[in-house]
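Colleague: Sharing final06.csv here; it has CSV, C-alpha atoms.
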```
chain,number,residue,atom,x,y,z
L,1,MET,CA,44.5,41.0,48.7
L,2,ASN,CA,42.9,40.0,51.9
L,3,GLN,CA,40.0,37.9,50.9
L,4,THR,CA,40.1,34.5,49.2
L,5,ILE,CA,39.0,34.2,45.6
L,6,THR,CA,37.1,31.1,44.7
L,7,LEU,CA,36.9,29.7,41.1
L,8,THR,CA,34.9,26.7,40.1
L,9,TYR,CA,35.2,24.7,36.9
L,10,THR,CA,33.2,21.7,35.7
L,11,ILE,CA,35.4,19.4,33.6
L,12,SER,CA,33.7,17.5,30.8
L,13,GLY,CA,34.9,13.9,30.6
L,14,ASP,CA,33.9,13.4,27.0
L,15,ASP,CA,36.1,15.8,25.1
L,16,PHE,CA,39.8,15.3,25.5
L,17,THR,CA,40.6,18.3,23.2
L,18,ARG,CA,39.0,20.7,25.8
L,19,ALA,CA,41.1,19.3,28.6
L,20,GLY,CA,43.3,22.2,29.9
L,21,GLU,CA,40.8,25.0,29.5
L,22,ALA,CA,40.3,25.4,33.2
L,23,SER,CA,44.1,25.4,33.9
L,24,SER,CA,44.5,27.9,31.2
L,25,ASP,CA,41.9,30.2,32.7
L,26,VAL,CA,43.5,30.0,36.1
L,27,LYS,CA,46.9,30.7,34.6
L,28,LYS,CA,45.6,33.8,32.9
L,29,LYS,CA,43.8,35.0,36.1
L,30,LEU,CA,47.0,34.6,38.2
L,31,LYS,CA,49.0,36.5,35.6
L,32,GLN,CA,46.4,39.3,35.7
L,33,MET,CA,46.7,39.4,39.5
L,34,GLY,CA,50.5,39.8,39.1
L,35,ALA,CA,51.4,36.5,40.9
L,36,ASN,CA,55.0,35.4,40.9
L,37,PRO,CA,55.8,33.6,37.6
L,38,GLU,CA,57.3,30.6,39.4
L,39,VAL,CA,54.0,30.2,41.4
L,40,ILE,CA,52.0,30.5,38.2
L,41,ARG,CA,54.1,27.8,36.5
L,42,LYS,CA,53.7,25.4,39.4
L,43,VAL,CA,50.0,25.9,39.6
L,44,ALA,CA,49.5,25.7,35.8
L,45,ILE,CA,51.5,22.4,35.4
L,46,SER,CA,50.1,20.6,38.5
L,47,MET,CA,46.5,21.7,37.7
L,48,TYR,CA,46.8,20.7,34.0
L,49,GLU,CA,48.1,17.3,34.9
L,50,GLY,CA,45.1,16.9,37.3
L,51,GLU,CA,42.7,18.1,34.7
L,52,ILE,CA,44.1,15.6,32.2
L,53,ASN,CA,43.8,12.8,34.8
L,54,MET,CA,40.2,13.6,35.4
L,55,VAL,CA,39.3,13.4,31.7
L,56,ILE,CA,41.3,10.2,31.2
L,57,HIS,CA,40.3,8.2,34.2
L,58,ALA,CA,37.2,9.7,35.8
L,59,HIS,CA,34.9,11.0,33.0
L,60,GLY,CA,35.5,14.6,34.3
L,61,GLY,CA,34.7,16.2,37.6
L,62,GLU,CA,34.9,19.5,39.3
L,63,ILE,CA,37.8,21.7,40.1
L,64,THR,CA,37.7,24.4,42.8
L,65,VAL,CA,40.5,26.9,43.1
L,66,PHE,CA,41.0,29.0,46.2
L,67,ILE,CA,43.4,31.9,45.8
L,68,SER,CA,44.5,33.9,48.9
L,69,SER,CA,47.4,36.2,49.6
L,70,THR,CA,49.5,33.3,51.1
L,71,GLU,CA,48.5,30.2,49.0
L,72,ILE,CA,46.6,28.7,46.2
L,73,ILE,CA,44.6,25.5,46.9
L,74,ILE,CA,43.3,23.4,44.0
L,75,ARG,CA,40.8,20.8,44.8
L,76,LEU,CA,40.1,18.2,42.0
L,77,LYS,CA,37.1,16.2,42.8
L,78,ASP,CA,35.8,13.4,40.6
L,79,GLU,CA,33.3,10.5,40.9
L,80,GLY,CA,35.5,8.1,38.9
L,81,PRO,CA,36.5,4.5,39.8
L,82,GLY,CA,39.0,5.6,42.5
L,83,ILE,CA,42.7,4.7,42.6
L,84,VAL,CA,43.4,1.0,43.5
L,85,ASP,CA,46.9,1.5,44.8
L,86,VAL,CA,47.9,5.1,45.5
L,87,GLU,CA,51.5,4.3,46.3
L,88,LEU,CA,51.9,2.5,42.9
L,89,ALA,CA,50.1,5.3,41.1
L,90,MET,CA,52.6,7.8,42.6
L,91,GLN,CA,55.5,5.9,41.0
L,92,ALA,CA,57.0,7.6,38.0
L,93,GLY,CA,56.2,5.5,34.9
L,94,TYR,CA,53.3,3.6,36.3
L,95,SER,CA,50.2,4.1,34.2
L,96,THR,CA,46.8,2.6,33.6
L,97,ALA,CA,46.0,5.0,30.7
L,98,PRO,CA,44.5,3.3,27.7
L,99,ASP,CA,46.2,3.2,24.3
L,100,ASN,CA,44.1,5.9,22.7
L,101,VAL,CA,45.3,8.3,25.4
L,102,ARG,CA,48.9,7.4,24.8
L,103,ALA,CA,48.4,8.2,21.2
L,104,LEU,CA,47.5,11.7,22.2
L,105,GLY,CA,50.8,12.1,24.1
L,106,PHE,CA,49.8,11.3,27.6
L,107,GLY,CA,49.8,8.2,29.9
L,108,ALA,CA,53.6,8.1,30.5
L,109,GLY,CA,52.9,7.6,34.2
L,110,MET,CA,54.1,11.1,35.1
L,111,GLY,CA,50.8,12.7,36.1
L,112,LEU,CA,50.6,12.3,39.8
L,113,PRO,CA,54.4,12.4,40.4
L,114,ASN,CA,54.4,15.6,38.4
L,115,MET,CA,51.6,17.1,40.5
L,116,LYS,CA,53.6,16.3,43.6
L,117,LYS,CA,56.8,17.7,42.1
L,118,TYR,CA,55.2,21.0,41.2
L,119,SER,CA,53.1,21.5,44.3
L,120,ASP,CA,54.1,22.4,47.9
L,121,GLU,CA,51.6,20.0,49.4
L,122,MET,CA,49.5,17.3,47.9
L,123,ASN,CA,46.8,15.0,49.4
L,124,ILE,CA,44.9,12.2,47.7
L,125,ASP,CA,41.5,10.9,49.1
L,126,THR,CA,40.2,8.0,47.1
L,127,ILE,CA,37.4,5.5,47.6
L,128,LEU,CA,37.1,2.7,45.1
L,129,GLY,CA,33.9,2.9,43.1
L,130,GLU,CA,33.1,6.4,44.6
L,131,GLY,CA,35.8,8.7,43.4
L,132,THR,CA,38.9,10.6,44.1
L,133,THR,CA,39.7,14.1,45.5
L,134,VAL,CA,43.2,15.4,45.0
L,135,THR,CA,44.1,18.6,46.8
L,136,ILE,CA,47.2,20.5,45.9
L,137,LYS,CA,48.6,23.5,47.6
L,138,VAL,CA,51.1,26.0,46.2
L,139,TYR,CA,52.5,28.7,48.5
L,140,MET,CA,52.5,32.3,47.1
J,1,MET,CA,69.4,31.3,19.9
J,2,THR,CA,66.2,33.1,18.7
J,3,VAL,CA,63.1,31.6,17.1
J,4,ARG,CA,64.4,33.2,13.8
J,5,ASP,CA,67.6,31.2,14.2
J,6,VAL,CA,65.6,28.0,14.8
J,7,LYS,CA,63.6,28.7,11.7
J,8,GLU,CA,66.7,29.3,9.6
J,9,ILE,CA,68.7,26.3,10.9
J,10,LEU,CA,65.8,23.9,10.3
J,11,GLY,CA,64.6,25.6,7.1
J,12,ALA,CA,61.3,25.7,8.8
J,13,GLN,CA,58.1,27.4,7.7
J,14,VAL,CA,56.5,29.7,10.2
J,15,ILE,CA,52.8,28.8,10.4
J,16,SER,CA,51.9,31.4,13.0
J,17,GLY,CA,53.5,33.9,15.4
J,18,GLU,CA,55.7,35.6,12.8
J,19,GLU,CA,55.8,38.6,15.2
J,20,PHE,CA,57.6,36.6,17.9
J,21,LEU,CA,60.7,35.5,15.9
J,22,ASN,CA,63.1,37.6,18.1
J,23,ARG,CA,62.2,35.6,21.2
J,24,GLU,CA,65.2,34.0,22.9
J,25,ALA,CA,65.4,30.2,23.4
J,26,HIS,CA,67.7,28.8,26.1
J,27,THR,CA,67.0,25.0,25.8
J,28,GLY,CA,65.4,22.5,23.5
J,29,CYS,CA,63.3,19.4,24.1
J,30,GLY,CA,62.3,16.8,21.6
J,31,SER,CA,59.4,14.6,22.6
J,32,ASP,CA,56.1,13.1,21.3
J,33,MET,CA,55.1,12.4,24.9
J,34,MET,CA,53.5,15.5,26.5
J,35,SER,CA,53.6,13.8,29.9
J,36,ASP,CA,57.4,13.9,29.7
J,37,VAL,CA,57.4,17.5,28.4
J,38,LEU,CA,55.5,18.5,31.5
J,39,ALA,CA,57.9,16.6,33.7
J,40,PHE,CA,61.2,17.7,32.3
J,41,VAL,CA,61.0,20.9,30.3
J,42,LYS,CA,62.9,24.0,31.6
J,43,GLU,CA,62.5,27.7,31.0
J,44,GLN,CA,62.5,29.3,27.6
J,45,CYS,CA,62.5,26.0,25.7
J,46,VAL,CA,61.9,25.1,22.1
J,47,LEU,CA,59.6,22.2,21.9
J,48,LEU,CA,60.2,19.8,18.9
J,49,THR,CA,57.5,17.2,18.4
J,50,GLY,CA,55.9,14.9,15.9
J,51,LEU,CA,52.7,14.9,17.8
J,52,CYS,CA,50.1,17.1,16.3
J,53,ASN,CA,47.0,17.8,18.4
J,54,LEU,CA,45.5,20.6,20.5
J,55,GLN,CA,47.1,19.2,23.7
J,56,VAL,CA,50.6,20.0,22.3
J,57,VAL,CA,49.6,23.7,22.2
J,58,ARG,CA,48.0,23.4,25.7
J,59,THR,CA,51.1,21.8,27.1
J,60,ALA,CA,53.3,24.4,25.5
J,61,GLU,CA,51.1,27.1,27.1
J,62,MET,CA,51.5,25.6,30.6
J,63,MET,CA,55.2,25.3,30.2
J,64,ASP,CA,55.7,28.8,28.6
J,65,VAL,CA,57.6,27.3,25.7
J,66,VAL,CA,59.2,29.7,23.3
J,67,CYS,CA,58.0,28.1,20.2
J,68,ILE,CA,56.7,24.7,18.9
J,69,VAL,CA,58.5,23.0,16.0
J,70,PHE,CA,56.5,20.2,14.2
J,71,VAL,CA,58.9,17.7,12.7
J,72,ARG,CA,58.5,15.2,9.9
J,73,GLY,CA,56.3,17.6,7.9
J,74,LYS,CA,53.4,17.5,10.4
J,75,ARG,CA,51.0,20.4,10.1
J,76,PRO,CA,48.8,21.9,12.8
J,77,ASP,CA,45.1,22.2,12.1
J,78,GLU,CA,43.0,25.4,12.4
J,79,ALA,CA,42.0,24.9,16.0
J,80,MET,CA,45.7,24.5,17.0
J,81,ILE,CA,46.7,27.6,15.1
J,82,GLU,CA,43.9,29.6,16.6
J,83,LEU,CA,44.9,28.6,20.2
J,84,ALA,CA,48.6,29.2,19.5
J,85,ASN,CA,47.7,32.7,18.2
J,86,GLU,CA,45.6,33.4,21.3
J,87,ARG,CA,48.4,32.3,23.6
J,88,GLU,CA,51.2,33.9,21.5
J,89,ILE,CA,53.1,30.7,20.8
J,90,PRO,CA,54.8,30.6,17.4
J,91,LEU,CA,54.3,27.4,15.4
J,92,LEU,CA,57.0,26.2,13.0
J,93,CYS,CA,57.0,23.2,10.6
J,94,THR,CA,60.0,21.4,9.3
J,95,GLY,CA,60.4,18.3,7.0
J,96,HIS,CA,63.3,17.1,9.1
J,97,ARG,CA,62.9,14.1,11.2
J,98,MET,CA,63.1,14.5,15.0
J,99,PHE,CA,66.7,13.2,15.4
J,100,THR,CA,68.0,15.4,12.6
J,101,ALA,CA,66.1,18.5,13.7
J,102,CYS,CA,67.4,18.1,17.3
J,103,GLY,CA,70.9,17.4,16.0
J,104,LEU,CA,70.9,20.6,13.9
J,105,LEU,CA,69.9,22.8,16.8
J,106,TYR,CA,72.4,21.1,19.1
J,107,GLN,CA,75.1,21.6,16.6
J,108,ASN,CA,74.3,25.3,16.5
J,109,GLY,CA,74.6,25.7,20.2
J,110,LEU,CA,71.2,24.9,21.7
J,111,ARG,CA,71.4,22.5,24.7
J,112,GLY,CA,68.9,20.3,26.5
J,113,GLY,CA,69.4,21.8,30.0
J,114,THR,CA,70.6,19.9,33.0
J,115,SER,CA,68.9,16.6,33.8
J,116,ASN,CA,67.1,16.1,37.1
```
Mind turning this structure into structure tokens?
Modeller:
Amino acid sequence: MNQTITLTYTISGDDFTRAGEASSDVKKKLKQMGANPEVIRKVAISMYEGEINMVIHAHGGEITVFISSTEIIIRLKDEGPGIVDVELAMQAGYSTAPDNVRALGFGAGMGLPNMKKYSDEMNIDTILGEGTTVTIKVYM
Amino acid sequence: MTVRDVKEILGAQVISGEEFLNREAHTGCGSDMMSDVLAFVKEQCVLLTGLCNLQVVRTAEMMDVVCIVFVRGKRPDEAMIELANEREIPLLCTGHRMFTACGLLYQNGLRGGTSN
């Protein structure tokens, strides 16, 4: 595989039950491509966490996935409120998720730490009031 | 331990995925917090939960869990069953409470995996 495959997903911010469909699709495609199971697992978990975050905090957004022979780059771009304190948000257990989200089993403050844990590189660009772009990279 | 063993030990009802009962489970995880499941679950895990919504099945899919056991008599709805069938994840239901269900599986040899 010499060229890069690009996949784009629009994430709806209204319907929590649909959160995860994009990650599921990427997982399926990587499996079809015969990617290493550990790579698939890392991509699936980190992207799913990112997708959930988008729905919870930013009313959705857009995810672009670039798959090449050496790496998978996932760019999660939203136009949400931005992250006030990135360092704090990266701490395991810190969460600003509302109660209705906790009732659904999320908001334990593990989202961003998990994305970092399961990716090989992660970068957060955030501007208050304008939005956040999280880019994660997993090596093939 | 296979999914069939889990079913028998817990006296559980198989809601879907009857064809995957021979699947081998290596660890167990009991949690109602999917965030924690995503953070801590290891390979070939049985997921026990009292949470009953579509994201439980999604989380299980991402983690490649062996089967989901709903405790305290919780029952998945049609959308959950449909997604679980699509993703080939067996769904089991038991009337046991979480502590008891986990304890029974532990007593029969299933472990939680190493902490990290």
Colleague: Report, in Å to a single decimal, how far apart CA of Ala19 in chain L and CA of Gly95 in chain J are.
Modeller: 29.0 Å
Colleague: Near range 78-81 of chain J, counting all atoms listed in the file, which residues have an atom at most 9 Å away, once you skip same-chain residues fewer than 6 positions from it, shown as a PyMOL selection string?
Modeller: chain J and resi 15-16+52-57+90-91
Colleague: Pull out every residue of chain J sitting within 7 Å of chain L, counting all atoms listed in the file, and send them as JSON, numbers by chain.
Modeller: {"J": [32, 33, 34, 35, 36, 38, 39, 54, 55, 58, 62, 63]}
Colleague: Just the number, please: distance in Å from CA of Leu47 in chain J to CA of Cys29 in chain J, one decimal.
Modeller: 5.1 Å
Colleague: Taking into account only C-alpha atoms, which residue in the set L:Val134, L:Ile124, L:Ile67, L:Ile73 is nearest to Asp85 in chain L?
Modeller: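 Selected residue with least distance to Asp85 in chain L: L:Ile124.
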Colleague: Between CA of Ile56 in chain L and CA of Pro81 in chain L, what is the distance, to one decimal in Å?
Modeller: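 Distance reported for this atom pair: 11.4 Å.
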Colleague: May I have the residues at most 10 Å from (61.4, 12.9, 19.9) in the file's coordinates, counting only C-alpha atoms, as a PDB file with C-alpha atoms, in the coordinates of the input?
Modeller:
```pdb
ATOM      1  CA  CYS J  29      63.300  19.400  24.100  1.00  0.00           C
ATOM      2  CA  GLY J  30      62.300  16.800  21.600  1.00  0.00           C
ATOM      3  CA  SER J  31      59.400  14.600  22.600  1.00  0.00           C
ATOM      4  CA  ASP J  32      56.100  13.100  21.300  1.00  0.00           C
ATOM      5  CA  MET J  33      55.100  12.400  24.900  1.00  0.00           C
ATOM      6  CA  LEU J  47      59.600  22.200  21.900  1.00  0.00           C
ATOM      7  CA  LEU J  48      60.200  19.800  18.900  1.00  0.00           C
ATOM      8  CA  THR J  49      57.500  17.200  18.400  1.00  0.00           C
ATOM      9  CA  GLY J  50      55.900  14.900  15.900  1.00  0.00           C
ATOM     10  CA  LEU J  51      52.700  14.900  17.800  1.00  0.00           C
ATOM     11  CA  VAL J  71      58.900  17.700  12.700  1.00  0.00           C
ATOM     12  CA  ARG J  97      62.900  14.100  11.200  1.00  0.00           C
ATOM     13  CA  MET J  98      63.100  14.500  15.000  1.00  0.00           C
ATOM     14  CA  PHE J  99      66.700  13.200  15.400  1.00  0.00           C
ATOM     15  CA  ALA J 101      66.100  18.500  13.700  1.00  0.00           C
ATOM     16  CA  CYS J 102      67.400  18.100  17.300  1.00  0.00           C
TER      17      CYS J 102
END
```
Colleague: Using only C-alpha atoms, which protein or nucleic acid residues come within 10 Å of Leu105 in chain J? Drop anything in the same chain fewer than 2 positions from it, and give the result as number ranges by chain.
Modeller: J: 1, 5-6, 9-10, 27-28, 46, 100-103, 107-111
Colleague: Residues proximal to (47.1, 22.4, 48.2) were defined as those with any atom within 8 Å of that point in the file's coordinates, counting only C-alpha atoms. Which are they, as an MDAnalysis selection string?
Modeller: chainID L and resid 71:75 119:123 135:138
Colleague: With distances taken over only C-alpha atoms, which of J:Val37, J:Ala25, J:Val3, J:Leu92 is nearest to Ala60 in chain J?
Modeller: J:Val37
Colleague: Return range 25-36 of chain L, completed with all heavy atoms, as a PDB file, keeping the file's coordinate frame.
Modeller:
```pdb
ATOM      1  N   ASP L  25      42.643  29.053  32.138  1.00  0.00           N
ATOM      2  CA  ASP L  25      41.900  30.200  32.700  1.00  0.00           C
ATOM      3  C   ASP L  25      42.552  30.636  34.026  1.00  0.00           C
ATOM      4  O   ASP L  25      42.732  31.841  34.273  1.00  0.00           O
ATOM      5  CB  ASP L  25      40.449  29.828  32.897  1.00  0.00           C
ATOM      6  CG  ASP L  25      39.616  31.038  33.270  1.00  0.00           C
ATOM      7  OD1 ASP L  25      39.533  31.961  32.430  1.00  0.00           O
ATOM      8  OD2 ASP L  25      39.092  31.086  34.396  1.00  0.00           O
ATOM      9  N   VAL L  26      42.906  29.666  34.857  1.00  0.00           N
ATOM     10  CA  VAL L  26      43.500  30.000  36.100  1.00  0.00           C
ATOM     11  C   VAL L  26      44.885  30.658  35.923  1.00  0.00           C
ATOM     12  O   VAL L  26      45.231  31.648  36.570  1.00  0.00           O
ATOM     13  CB  VAL L  26      43.689  28.721  37.026  1.00  0.00           C
ATOM     14  CG1 VAL L  26      44.545  28.996  38.248  1.00  0.00           C
ATOM     15  CG2 VAL L  26      42.321  28.204  37.451  1.00  0.00           C
ATOM     16  N   LYS L  27      45.624  30.116  34.969  1.00  0.00           N
ATOM     17  CA  LYS L  27      46.900  30.700  34.600  1.00  0.00           C
ATOM     18  C   LYS L  27      46.794  32.157  34.243  1.00  0.00           C
ATOM     19  O   LYS L  27      47.527  33.026  34.700  1.00  0.00           O
ATOM     20  CB  LYS L  27      47.566  29.871  33.505  1.00  0.00           C
ATOM     21  CG  LYS L  27      48.988  30.278  33.188  1.00  0.00           C
ATOM     22  CD  LYS L  27      49.605  29.359  32.132  1.00  0.00           C
ATOM     23  CE  LYS L  27      51.102  29.564  32.068  1.00  0.00           C
ATOM     24  NZ  LYS L  27      51.541  30.283  30.890  1.00  0.00           N
ATOM     25  N   LYS L  28      45.810  32.400  33.388  1.00  0.00           N
ATOM     26  CA  LYS L  28      45.600  33.800  32.900  1.00  0.00           C
ATOM     27  C   LYS L  28      45.191  34.698  34.060  1.00  0.00           C
ATOM     28  O   LYS L  28      45.697  35.809  34.175  1.00  0.00           O
ATOM     29  CB  LYS L  28      44.433  33.719  31.868  1.00  0.00           C
ATOM     30  CG  LYS L  28      44.555  34.790  30.833  1.00  0.00           C
ATOM     31  CD  LYS L  28      43.487  34.806  29.747  1.00  0.00           C
ATOM     32  CE  LYS L  28      42.614  33.613  29.592  1.00  0.00           C
ATOM     33  NZ  LYS L  28      41.560  33.709  28.592  1.00  0.00           N
ATOM     34  N   LYS L  29      44.302  34.209  34.944  1.00  0.00           N
ATOM     35  CA  LYS L  29      43.800  35.000  36.100  1.00  0.00           C
ATOM     36  C   LYS L  29      44.997  35.366  37.025  1.00  0.00           C
ATOM     37  O   LYS L  29      45.122  36.490  37.496  1.00  0.00           O
ATOM     38  CB  LYS L  29      42.704  34.344  36.803  1.00  0.00           C
ATOM     39  CG  LYS L  29      41.426  34.325  35.978  1.00  0.00           C
ATOM     40  CD  LYS L  29      40.188  34.182  36.851  1.00  0.00           C
ATOM     41  CE  LYS L  29      38.932  34.579  36.099  1.00  0.00           C
ATOM     42  NZ  LYS L  29      38.382  33.529  35.219  1.00  0.00           N
ATOM     43  N   LEU L  30      45.836  34.360  37.285  1.00  0.00           N
ATOM     44  CA  LEU L  30      47.000  34.600  38.200  1.00  0.00           C
ATOM     45  C   LEU L  30      47.934  35.612  37.594  1.00  0.00           C
ATOM     46  O   LEU L  30      48.511  36.437  38.306  1.00  0.00           O
ATOM     47  CB  LEU L  30      47.706  33.272  38.478  1.00  0.00           C
ATOM     48  CG  LEU L  30      46.993  32.294  39.405  1.00  0.00           C
ATOM     49  CD1 LEU L  30      47.750  30.978  39.462  1.00  0.00           C
ATOM     50  CD2 LEU L  30      46.849  32.880  40.809  1.00  0.00           C
ATOM     51  N   LYS L  31      48.092  35.538  36.292  1.00  0.00           N
ATOM     52  CA  LYS L  31      49.000  36.500  35.600  1.00  0.00           C
ATOM     53  C   LYS L  31      48.424  37.903  35.743  1.00  0.00           C
ATOM     54  O   LYS L  31      49.164  38.840  36.049  1.00  0.00           O
ATOM     55  CB  LYS L  31      49.063  36.080  34.122  1.00  0.00           C
ATOM     56  CG  LYS L  31      50.398  36.366  33.492  1.00  0.00           C
ATOM     57  CD  LYS L  31      50.475  35.718  32.122  1.00  0.00           C
ATOM     58  CE  LYS L  31      51.689  36.238  31.370  1.00  0.00           C
ATOM     59  NZ  LYS L  31      51.755  35.675  30.013  1.00  0.00           N
ATOM     60  N   GLN L  32      47.091  38.020  35.541  1.00  0.00           N
ATOM     61  CA  GLN L  32      46.400  39.300  35.700  1.00  0.00           C
ATOM     62  C   GLN L  32      46.603  39.876  37.102  1.00  0.00           C
ATOM     63  O   GLN L  32      46.713  41.073  37.311  1.00  0.00           O
ATOM     64  CB  GLN L  32      44.945  39.217  35.351  1.00  0.00           C
ATOM     65  CG  GLN L  32      44.666  39.150  33.853  1.00  0.00           C
ATOM     66  CD  GLN L  32      43.263  38.655  33.538  1.00  0.00           C
ATOM     67  OE1 GLN L  32      42.479  38.344  34.431  1.00  0.00           O
ATOM     68  NE2 GLN L  32      42.949  38.579  32.255  1.00  0.00           N
ATOM     69  N   MET L  33      46.594  38.965  38.082  1.00  0.00           N
ATOM     70  CA  MET L  33      46.700  39.400  39.500  1.00  0.00           C
ATOM     71  C   MET L  33      48.177  39.761  39.805  1.00  0.00           C
ATOM     72  O   MET L  33      48.457  40.243  40.904  1.00  0.00           O
ATOM     73  CB  MET L  33      46.318  38.247  40.419  1.00  0.00           C
ATOM     74  CG  MET L  33      44.845  37.996  40.461  1.00  0.00           C
ATOM     75  SD  MET L  33      44.545  36.495  41.446  1.00  0.00           S
ATOM     76  CE  MET L  33      42.919  36.056  40.868  1.00  0.00           C
ATOM     77  N   GLY L  34      49.076  39.461  38.889  1.00  0.00           N
ATOM     78  CA  GLY L  34      50.500  39.800  39.100  1.00  0.00           C
ATOM     79  C   GLY L  34      51.199  38.801  40.026  1.00  0.00           C
ATOM     80  O   GLY L  34      52.162  39.158  40.704  1.00  0.00           O
ATOM     81  N   ALA L  35      50.733  37.550  40.035  1.00  0.00           N
ATOM     82  CA  ALA L  35      51.400  36.500  40.900  1.00  0.00           C
ATOM     83  C   ALA L  35      52.792  36.232  40.349  1.00  0.00           C
ATOM     84  O   ALA L  35      53.091  36.457  39.180  1.00  0.00           O
ATOM     85  CB  ALA L  35      50.553  35.245  40.871  1.00  0.00           C
ATOM     86  N   ASN L  36      53.629  35.739  41.229  1.00  0.00           N
ATOM     87  CA  ASN L  36      55.000  35.400  40.900  1.00  0.00           C
ATOM     88  C   ASN L  36      55.004  34.306  39.768  1.00  0.00           C
ATOM     89  O   ASN L  36      54.282  33.325  39.833  1.00  0.00           O
ATOM     90  CB  ASN L  36      55.589  34.767  42.201  1.00  0.00           C
ATOM     91  CG  ASN L  36      56.983  34.215  42.028  1.00  0.00           C
ATOM     92  OD1 ASN L  36      57.331  33.649  40.999  1.00  0.00           O
ATOM     93  ND2 ASN L  36      57.776  34.364  43.062  1.00  0.00           N
TER      94      ASN L  36
END
```
